[in-house]
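> Provided herewith is a single structure, encoded as structure tokens, for subsequent inquiry.
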Amino acid sequence: MARHVPLKWQMIHDNKTLGMMLLDRLATEPEAEVCRLVNEDGTHESISVARLMHKALAYAEHFGPARGRRKIVGISLYHGLDLHAAFIGGLLSGHIPTMLAPPSPRMEPGKYTDSLVQILRHIKPDHLVLDASVVAALDRLALRNVSDADIVDSITIPETGKIEDCATDDPDAVALIQHSSGTTGLQKGVALSHRVILAHNRIYSNRLAIGPQDVIVSWLPLYHDMGFVACFLLPLLQGVLFVEISPFDWVRKPVLLLEQIHKHKGTLCWLPNFAYAFLAESVRPRQIPKELNLSGVRAWINCSEPIYHSSQAVFLERFGPYGVDQSQFTASYAMAENVFAVTQSLPGKYRTLSVNRETFAAMQRVMPDDGPNSCTFVSNGHPLEHTEVAIADDGGRVLPAGHVGEILVRGIHRFSGYFGRDDLTLATLDGNGWFHTGDLGFLFEGELYVTGRKKDLIIIQGRNFYPTDVEEVVGRIDAIVPGRVVAFGLSDEASGTERLVVLAEAQDSVAGQERRLALAVRNRVAQELDCTPGDVRIVPRRWLIKSTSGKLARADNRRKYLEHFAPAKS
């Protein structure tokens, strides 16, 4: 298939819509190869612009054109052509599509049920696109009729549809809804307009000099902004070939990503922080093809907060012999509320900063120091064009460079609010247009360094977990004292992610059976939240610290845990 991209296709005009851009592409280069869908065995299916767009038009015809009221189109599909086509069909019909996570075989059914119900309550989809495997999973969960949505079975959609009645003429209309990442936070839908998305697409592509010479290889799910924007929407609009691996296949066979980068001459790969350490540890020497060559990668883009330098280092050490070089490493600070990237460093400009640990901890200020009493942060790069980043204290006052505080973001890419959640919008957007991210960081020589989170959110391997959810799950175990559970995250540079720590007070009758109960806690959390705690400690009654208001104080209990248990390994 042709790979040439006409010059005019590379020019993005903000007065167009996503649907108009894609119809232009169908008219100018129908036979160009748009993507390669990788199968579990490593083979792939090549998809042309024409095939993708004709299938999308069939979906658009099924949804019907928007006349007066625009519909919400929820898409819950596994890896494949229909996942892409159904989304584009929602755009072409003038409705508002949104990607939803399909059932995970690893996740406890009840937890997925709760998560999906929360999403559907907030977005109230008119259409819900499913395939046979998702339908079967939802039937097992008694969820197929959880909303009044029209259930669209992808197998009933023909291969082609008509181009008439496509509604694509309002660049300021809401184009789509993205969801904040996480296990229970998915109800936070982020509504974005065509104009905002196209502006971000052009500016971010320019920052990384992305063009038709590039090939993006990814396993990232499309219901998360990193996979959806960077590895699906951006290449689709820029005319860049993308190679897509099922996230479930990648988890089962991590080396698949490296094989496909070699096979398809991949040049760009976005990864969350944990994936670097995971690949370095899980890919065995016998699994690596002798001819593996990763030297053609222009950029490995780390999009985590914070980024662990040690994760990059172990990845470099492990795969350096196969062409990985530090000059390929870049970093981005990204969020759905800004379409995707807020900042981005350039290839060859990977930067770290060592600071005095005591000054940083005591004063929340940066004092460069590469001595033995230092800690190292990785730069997330400079803000994108037309995006501002500021650091503020708890009172909202902007802090000078080198001071740690909450990261604030504003600019032309910033969202206008959470879909159907005015309460959340008011809590995070101030009168000056700043979005209060809840993340902590500092600016140094114009670059952003992310240091942690102001909120209690725990991020494990790129997934968000709320401590209250963990505490509720553990608290339901009979031998645990109700209401006497604390969960928090601890940075673990060895794995490149956070470790979940659970402290739970046991009933007096459990004395001498703490190890058995700790195992029960691990199993329950793994079953219901699809997350294995890094450490579980069963403690005596009244061991946990409460605040003066009677609430369990996570910060104080975290400190007590470090004092009593930090040297020990679970």
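In the structure tokens, chains take the letters A, B, ... in the order shown, each chain's residues start at 1, and ligands count up from 1 in the order shown.
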Show which residues sit within 6 Å of Leu37 of chain A, as a list in words. Count only C-alpha atoms, and ignore same-chain residues fewer than 4 positions away.
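Close residues of Leu37 of chain A: His44, Glu45 and Glu244 of chain A.
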> I'd like the contact shell of segment 258-269 of chain A - 7 Å cut-off, only C-alpha atoms, skipping same-chain residues fewer than 5 positions apart - returned as a PDB file with all heavy atoms, in the first residue's frame.

```pdb
ATOM      1  N   ASP A 214       7.702   8.745   9.973  1.00  0.00           N
ATOM      2  CA  ASP A 214       7.644   8.061  11.260  1.00  0.00           C
ATOM      3  C   ASP A 214       6.717   6.855  11.226  1.00  0.00           C
ATOM      4  O   ASP A 214       5.793   6.779  10.403  1.00  0.00           O
ATOM      5  CB  ASP A 214       7.168   9.027  12.350  1.00  0.00           C
ATOM      6  CG  ASP A 214       8.264   9.973  12.806  1.00  0.00           C
ATOM      7  OD1 ASP A 214       9.337   9.470  13.199  1.00  0.00           O
ATOM      8  OD2 ASP A 214       8.050  11.198  12.757  1.00  0.00           O
ATOM      9  N   VAL A 215       6.972   5.931  12.154  1.00  0.00           N
ATOM     10  CA  VAL A 215       6.098   4.776  12.398  1.00  0.00           C
ATOM     11  C   VAL A 215       5.936   4.670  13.919  1.00  0.00           C
ATOM     12  O   VAL A 215       6.928   4.558  14.643  1.00  0.00           O
ATOM     13  CB  VAL A 215       6.688   3.468  11.835  1.00  0.00           C
ATOM     14  CG1 VAL A 215       5.795   2.277  12.202  1.00  0.00           C
ATOM     15  CG2 VAL A 215       6.861   3.561  10.328  1.00  0.00           C
ATOM     16  N   ILE A 216       4.689   4.733  14.380  1.00  0.00           N
ATOM     17  CA  ILE A 216       4.394   4.635  15.807  1.00  0.00           C
ATOM     18  C   ILE A 216       4.007   3.202  16.142  1.00  0.00           C
ATOM     19  O   ILE A 216       3.155   2.618  15.460  1.00  0.00           O
ATOM     20  CB  ILE A 216       3.250   5.602  16.187  1.00  0.00           C
ATOM     21  CG1 ILE A 216       3.707   7.050  16.000  1.00  0.00           C
ATOM     22  CG2 ILE A 216       2.763   5.355  17.610  1.00  0.00           C
ATOM     23  CD1 ILE A 216       2.595   8.069  16.106  1.00  0.00           C
ATOM     24  N   VAL A 217       4.625   2.632  17.151  1.00  0.00           N
ATOM     25  CA  VAL A 217       4.296   1.270  17.596  1.00  0.00           C
ATOM     26  C   VAL A 217       3.804   1.362  19.034  1.00  0.00           C
ATOM     27  O   VAL A 217       4.454   1.980  19.884  1.00  0.00           O
ATOM     28  CB  VAL A 217       5.517   0.333  17.501  1.00  0.00           C
ATOM     29  CG1 VAL A 217       5.120  -1.090  17.882  1.00  0.00           C
ATOM     30  CG2 VAL A 217       6.102   0.355  16.083  1.00  0.00           C
ATOM     31  N   SER A 218       2.649   0.748  19.299  1.00  0.00           N
ATOM     32  CA  SER A 218       2.044   0.919  20.621  1.00  0.00           C
ATOM     33  C   SER A 218       1.212  -0.284  21.031  1.00  0.00           C
ATOM     34  O   SER A 218       0.583  -0.932  20.196  1.00  0.00           O
ATOM     35  CB  SER A 218       1.143   2.165  20.617  1.00  0.00           C
ATOM     36  OG  SER A 218       0.422   2.286  21.826  1.00  0.00           O
ATOM     37  N   LEU A 292      17.391  -8.523  16.633  1.00  0.00           N
ATOM     38  CA  LEU A 292      16.646  -7.374  17.150  1.00  0.00           C
ATOM     39  C   LEU A 292      17.490  -6.099  17.071  1.00  0.00           C
ATOM     40  O   LEU A 292      18.615  -6.043  17.552  1.00  0.00           O
ATOM     41  CB  LEU A 292      16.238  -7.618  18.610  1.00  0.00           C
ATOM     42  CG  LEU A 292      15.417  -6.492  19.258  1.00  0.00           C
ATOM     43  CD1 LEU A 292      14.034  -6.410  18.625  1.00  0.00           C
ATOM     44  CD2 LEU A 292      15.297  -6.701  20.764  1.00  0.00           C
ATOM     45  N   ASN A 293      16.903  -5.065  16.461  1.00  0.00           N
ATOM     46  CA  ASN A 293      17.585  -3.785  16.295  1.00  0.00           C
ATOM     47  C   ASN A 293      16.609  -2.666  16.637  1.00  0.00           C
ATOM     48  O   ASN A 293      15.616  -2.463  15.939  1.00  0.00           O
ATOM     49  CB  ASN A 293      18.087  -3.632  14.859  1.00  0.00           C
ATOM     50  CG  ASN A 293      18.901  -2.359  14.662  1.00  0.00           C
ATOM     51  OD1 ASN A 293      19.006  -1.527  15.561  1.00  0.00           O
ATOM     52  ND2 ASN A 293      19.484  -2.212  13.477  1.00  0.00           N
ATOM     53  N   LEU A 294      16.899  -1.949  17.720  1.00  0.00           N
ATOM     54  CA  LEU A 294      16.033  -0.860  18.176  1.00  0.00           C
ATOM     55  C   LEU A 294      16.666   0.506  17.932  1.00  0.00           C
ATOM     56  O   LEU A 294      16.178   1.513  18.433  1.00  0.00           O
ATOM     57  CB  LEU A 294      15.732  -1.029  19.669  1.00  0.00           C
ATOM     58  CG  LEU A 294      15.095  -2.369  20.075  1.00  0.00           C
ATOM     59  CD1 LEU A 294      14.979  -2.458  21.599  1.00  0.00           C
ATOM     60  CD2 LEU A 294      13.729  -2.531  19.423  1.00  0.00           C
ATOM     61  N   GLY A 296      16.641   2.328  15.387  1.00  0.00           N
ATOM     62  CA  GLY A 296      15.855   3.227  14.534  1.00  0.00           C
ATOM     63  C   GLY A 296      14.831   4.048  15.287  1.00  0.00           C
ATOM     64  O   GLY A 296      14.189   4.935  14.702  1.00  0.00           O
ATOM     65  N   VAL A 297      14.657   3.783  16.577  1.00  0.00           N
ATOM     66  CA  VAL A 297      13.692   4.556  17.367  1.00  0.00           C
ATOM     67  C   VAL A 297      14.221   5.977  17.564  1.00  0.00           C
ATOM     68  O   VAL A 297      15.325   6.169  18.068  1.00  0.00           O
ATOM     69  CB  VAL A 297      13.439   3.882  18.733  1.00  0.00           C
ATOM     70  CG1 VAL A 297      12.526   4.757  19.594  1.00  0.00           C
ATOM     71  CG2 VAL A 297      12.824   2.504  18.541  1.00  0.00           C
ATOM     72  N   ARG A 298      13.436   6.974  17.162  1.00  0.00           N
ATOM     73  CA  ARG A 298      13.815   8.376  17.380  1.00  0.00           C
ATOM     74  C   ARG A 298      13.563   8.796  18.818  1.00  0.00           C
ATOM     75  O   ARG A 298      14.307   9.595  19.387  1.00  0.00           O
ATOM     76  CB  ARG A 298      13.013   9.310  16.467  1.00  0.00           C
ATOM     77  CG  ARG A 298      13.417   9.337  15.039  1.00  0.00           C
ATOM     78  CD  ARG A 298      13.019  10.660  14.381  1.00  0.00           C
ATOM     79  NE  ARG A 298      11.597  10.935  14.443  1.00  0.00           N
ATOM     80  CZ  ARG A 298      11.063  11.977  15.086  1.00  0.00           C
ATOM     81  NH1 ARG A 298      11.832  12.810  15.770  1.00  0.00           N
ATOM     82  NH2 ARG A 298       9.762  12.186  15.065  1.00  0.00           N
ATOM     83  N   ALA A 299      12.457   8.275  19.383  1.00  0.00           N
ATOM     84  CA  ALA A 299      12.100   8.723  20.729  1.00  0.00           C
ATOM     85  C   ALA A 299      11.304   7.662  21.463  1.00  0.00           C
ATOM     86  O   ALA A 299      10.314   7.138  20.934  1.00  0.00           O
ATOM     87  CB  ALA A 299      11.297  10.021  20.656  1.00  0.00           C
ATOM     88  N   TRP A 300      11.762   7.342  22.667  1.00  0.00           N
ATOM     89  CA  TRP A 300      10.947   6.636  23.655  1.00  0.00           C
ATOM     90  C   TRP A 300      10.387   7.733  24.553  1.00  0.00           C
ATOM     91  O   TRP A 300      11.149   8.459  25.206  1.00  0.00           O
ATOM     92  CB  TRP A 300      11.796   5.680  24.495  1.00  0.00           C
ATOM     93  CG  TRP A 300      12.553   4.637  23.738  1.00  0.00           C
ATOM     94  CD1 TRP A 300      13.837   4.711  23.285  1.00  0.00           C
ATOM     95  CD2 TRP A 300      12.084   3.334  23.362  1.00  0.00           C
ATOM     96  NE1 TRP A 300      14.192   3.544  22.654  1.00  0.00           N
ATOM     97  CE2 TRP A 300      13.131   2.682  22.680  1.00  0.00           C
ATOM     98  CE3 TRP A 300      10.874   2.657  23.541  1.00  0.00           C
ATOM     99  CZ2 TRP A 300      13.018   1.391  22.180  1.00  0.00           C
ATOM    100  CZ3 TRP A 300      10.751   1.370  23.046  1.00  0.00           C
ATOM    101  CH2 TRP A 300      11.804   0.751  22.376  1.00  0.00           C
ATOM    102  N   ILE A 301       9.078   7.909  24.588  1.00  0.00           N
ATOM    103  CA  ILE A 301       8.477   9.032  25.302  1.00  0.00           C
ATOM    104  C   ILE A 301       7.833   8.531  26.583  1.00  0.00           C
ATOM    105  O   ILE A 301       6.873   7.761  26.554  1.00  0.00           O
ATOM    106  CB  ILE A 301       7.445   9.766  24.431  1.00  0.00           C
ATOM    107  CG1 ILE A 301       8.099  10.261  23.134  1.00  0.00           C
ATOM    108  CG2 ILE A 301       6.848  10.953  25.182  1.00  0.00           C
ATOM    109  CD1 ILE A 301       7.517   9.657  21.899  1.00  0.00           C
TER     110      ILE A 301
END
```
> Can you pull out every residue from segment 282-414 of chain A that DSSP, working from the backbone, puts in alpha helix (DSSP H), and format the result as number ranges by chain?
A: 282, 309-319, 357-363
> If you keep all heavy atoms, can you produce a file of those selected residues as a compact mmCIF listing (two decimals), in the first residue's frame?

```
# COMPACT_ATOMS: atom_id res chain seq x y z
N SER A 282 11.11 -8.51 32.57
CA SER A 282 10.27 -9.64 32.15
C SER A 282 10.71 -10.29 30.84
O SER A 282 10.39 -11.45 30.60
CB SER A 282 8.81 -9.19 32.03
OG SER A 282 8.68 -8.19 31.03
N HIS A 309 14.29 8.06 37.02
CA HIS A 309 15.51 7.94 36.22
C HIS A 309 16.02 6.50 36.24
O HIS A 309 16.55 6.01 35.23
CB HIS A 309 16.58 8.89 36.77
CG HIS A 309 17.91 8.78 36.08
ND1 HIS A 309 18.06 8.98 34.72
CD2 HIS A 309 19.14 8.48 36.57
CE1 HIS A 309 19.33 8.81 34.40
NE2 HIS A 309 20.01 8.50 35.49
N SER A 310 15.84 5.81 37.36
CA SER A 310 16.34 4.44 37.48
C SER A 310 15.63 3.50 36.50
O SER A 310 16.23 2.53 36.02
CB SER A 310 16.17 3.94 38.90
OG SER A 310 14.82 3.99 39.30
N SER A 311 14.37 3.77 36.20
CA SER A 311 13.64 2.94 35.24
C SER A 311 14.24 3.08 33.85
O SER A 311 14.41 2.09 33.12
CB SER A 311 12.16 3.33 35.21
OG SER A 311 11.54 3.08 36.44
N GLN A 312 14.56 4.32 33.47
CA GLN A 312 15.21 4.54 32.18
C GLN A 312 16.58 3.86 32.15
O GLN A 312 16.98 3.27 31.14
CB GLN A 312 15.38 6.04 31.94
CG GLN A 312 14.14 6.88 32.16
CD GLN A 312 13.19 6.85 30.99
OE1 GLN A 312 12.37 5.96 30.89
NE2 GLN A 312 13.31 7.81 30.12
N ALA A 313 17.29 3.96 33.29
CA ALA A 313 18.64 3.41 33.35
C ALA A 313 18.65 1.90 33.18
O ALA A 313 19.48 1.34 32.46
CB ALA A 313 19.31 3.81 34.67
N VAL A 314 17.70 1.20 33.84
CA VAL A 314 17.68 -0.25 33.75
C VAL A 314 17.24 -0.69 32.35
O VAL A 314 17.72 -1.70 31.82
CB VAL A 314 16.77 -0.86 34.85
CG1 VAL A 314 15.30 -0.60 34.57
CG2 VAL A 314 17.02 -2.35 35.00
N PHE A 315 16.36 0.09 31.72
CA PHE A 315 15.95 -0.20 30.35
C PHE A 315 17.13 -0.02 29.40
O PHE A 315 17.37 -0.84 28.50
CB PHE A 315 14.80 0.74 29.97
CG PHE A 315 14.22 0.50 28.60
CD1 PHE A 315 13.30 -0.51 28.37
CD2 PHE A 315 14.58 1.32 27.53
CE1 PHE A 315 12.77 -0.73 27.11
CE2 PHE A 315 14.06 1.11 26.26
CZ PHE A 315 13.13 0.09 26.05
N LEU A 316 17.89 1.06 29.61
CA LEU A 316 19.06 1.32 28.77
C LEU A 316 20.11 0.23 28.93
O LEU A 316 20.69 -0.25 27.95
CB LEU A 316 19.65 2.68 29.15
CG LEU A 316 20.95 3.10 28.45
CD1 LEU A 316 20.74 3.20 26.94
CD2 LEU A 316 21.44 4.44 29.01
N GLU A 317 20.36 -0.20 30.17
CA GLU A 317 21.34 -1.24 30.41
C GLU A 317 20.93 -2.56 29.76
O GLU A 317 21.75 -3.26 29.17
CB GLU A 317 21.53 -1.44 31.91
CG GLU A 317 22.56 -2.50 32.27
CD GLU A 317 22.71 -2.68 33.77
OE1 GLU A 317 21.96 -2.04 34.53
OE2 GLU A 317 23.58 -3.49 34.17
N ARG A 318 19.62 -2.86 29.86
CA ARG A 318 19.13 -4.14 29.36
C ARG A 318 19.11 -4.19 27.84
O ARG A 318 19.46 -5.22 27.23
CB ARG A 318 17.71 -4.37 29.90
CG ARG A 318 17.09 -5.70 29.49
CD ARG A 318 17.77 -6.84 30.23
NE ARG A 318 17.18 -8.12 29.88
CZ ARG A 318 17.42 -8.80 28.76
NH1 ARG A 318 18.31 -8.33 27.90
NH2 ARG A 318 16.84 -9.95 28.53
N PHE A 319 18.71 -3.09 27.20
CA PHE A 319 18.51 -3.13 25.75
C PHE A 319 19.50 -2.25 24.98
O PHE A 319 19.37 -2.12 23.76
CB PHE A 319 17.07 -2.73 25.41
CG PHE A 319 16.05 -3.68 25.99
CD1 PHE A 319 15.24 -3.29 27.04
CD2 PHE A 319 15.94 -4.98 25.52
CE1 PHE A 319 14.32 -4.16 27.60
CE2 PHE A 319 15.03 -5.86 26.07
CZ PHE A 319 14.21 -5.46 27.12
N ARG A 357 18.83 16.46 49.11
CA ARG A 357 17.66 15.76 49.63
C ARG A 357 17.09 16.46 50.87
O ARG A 357 15.87 16.60 51.01
CB ARG A 357 18.03 14.31 49.96
CG ARG A 357 16.84 13.44 50.33
CD ARG A 357 17.33 12.05 50.75
NE ARG A 357 18.09 11.41 49.70
CZ ARG A 357 17.55 10.69 48.72
NH1 ARG A 357 16.24 10.53 48.66
NH2 ARG A 357 18.31 10.12 47.81
N GLU A 358 17.95 16.89 51.79
CA GLU A 358 17.46 17.49 53.03
C GLU A 358 16.76 18.82 52.78
O GLU A 358 15.70 19.10 53.33
CB GLU A 358 18.63 17.66 54.00
CG GLU A 358 19.18 16.35 54.54
CD GLU A 358 20.32 16.57 55.52
OE1 GLU A 358 20.68 17.75 55.75
OE2 GLU A 358 20.85 15.58 56.04
N THR A 359 17.37 19.66 51.94
CA THR A 359 16.75 20.95 51.62
C THR A 359 15.42 20.75 50.92
O THR A 359 14.44 21.44 51.20
CB THR A 359 17.68 21.78 50.71
OG1 THR A 359 18.93 21.95 51.36
CG2 THR A 359 17.06 23.14 50.40
N PHE A 360 15.38 19.78 50.03
CA PHE A 360 14.14 19.52 49.29
C PHE A 360 13.04 19.04 50.24
O PHE A 360 11.89 19.50 50.15
CB PHE A 360 14.39 18.46 48.22
CG PHE A 360 13.20 18.18 47.36
CD1 PHE A 360 12.90 19.01 46.29
CD2 PHE A 360 12.37 17.10 47.62
CE1 PHE A 360 11.78 18.77 45.50
CE2 PHE A 360 11.26 16.85 46.83
CZ PHE A 360 10.97 17.69 45.77
N ALA A 361 13.37 18.13 51.14
CA ALA A 361 12.36 17.58 52.04
C ALA A 361 11.90 18.60 53.07
O ALA A 361 10.71 18.70 53.38
CB ALA A 361 12.91 16.34 52.74
N ALA A 362 12.84 19.38 53.60
CA ALA A 362 12.50 20.29 54.69
C ALA A 362 11.88 21.58 54.21
O ALA A 362 10.95 22.12 54.82
CB ALA A 362 13.75 20.59 55.51
N MET A 363 12.37 22.12 53.09
CA MET A 363 11.94 23.45 52.65
C MET A 363 11.15 23.43 51.35
O MET A 363 10.64 24.46 50.91
CB MET A 363 13.16 24.36 52.49
CG MET A 363 14.02 24.48 53.74
SD MET A 363 15.49 25.50 53.48
CE MET A 363 14.76 27.08 53.06
```
> For each of A:Ala518, A:Val38, A:Leu83, A:Ala230, take the minimum atom-to-atom distance to Ala506 of chain A, counting only C-alpha atoms, then give the residue where this is smallest.
A:Ala518
> Could you tell me which of A:Met335, A:Val474, A:Gly189, A:Ile458 comes closest to Asn523 of chain A if we count only C-alpha atoms?
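Ranked by minimum distance to Asn523 of chain A, first place goes to A:Val474.
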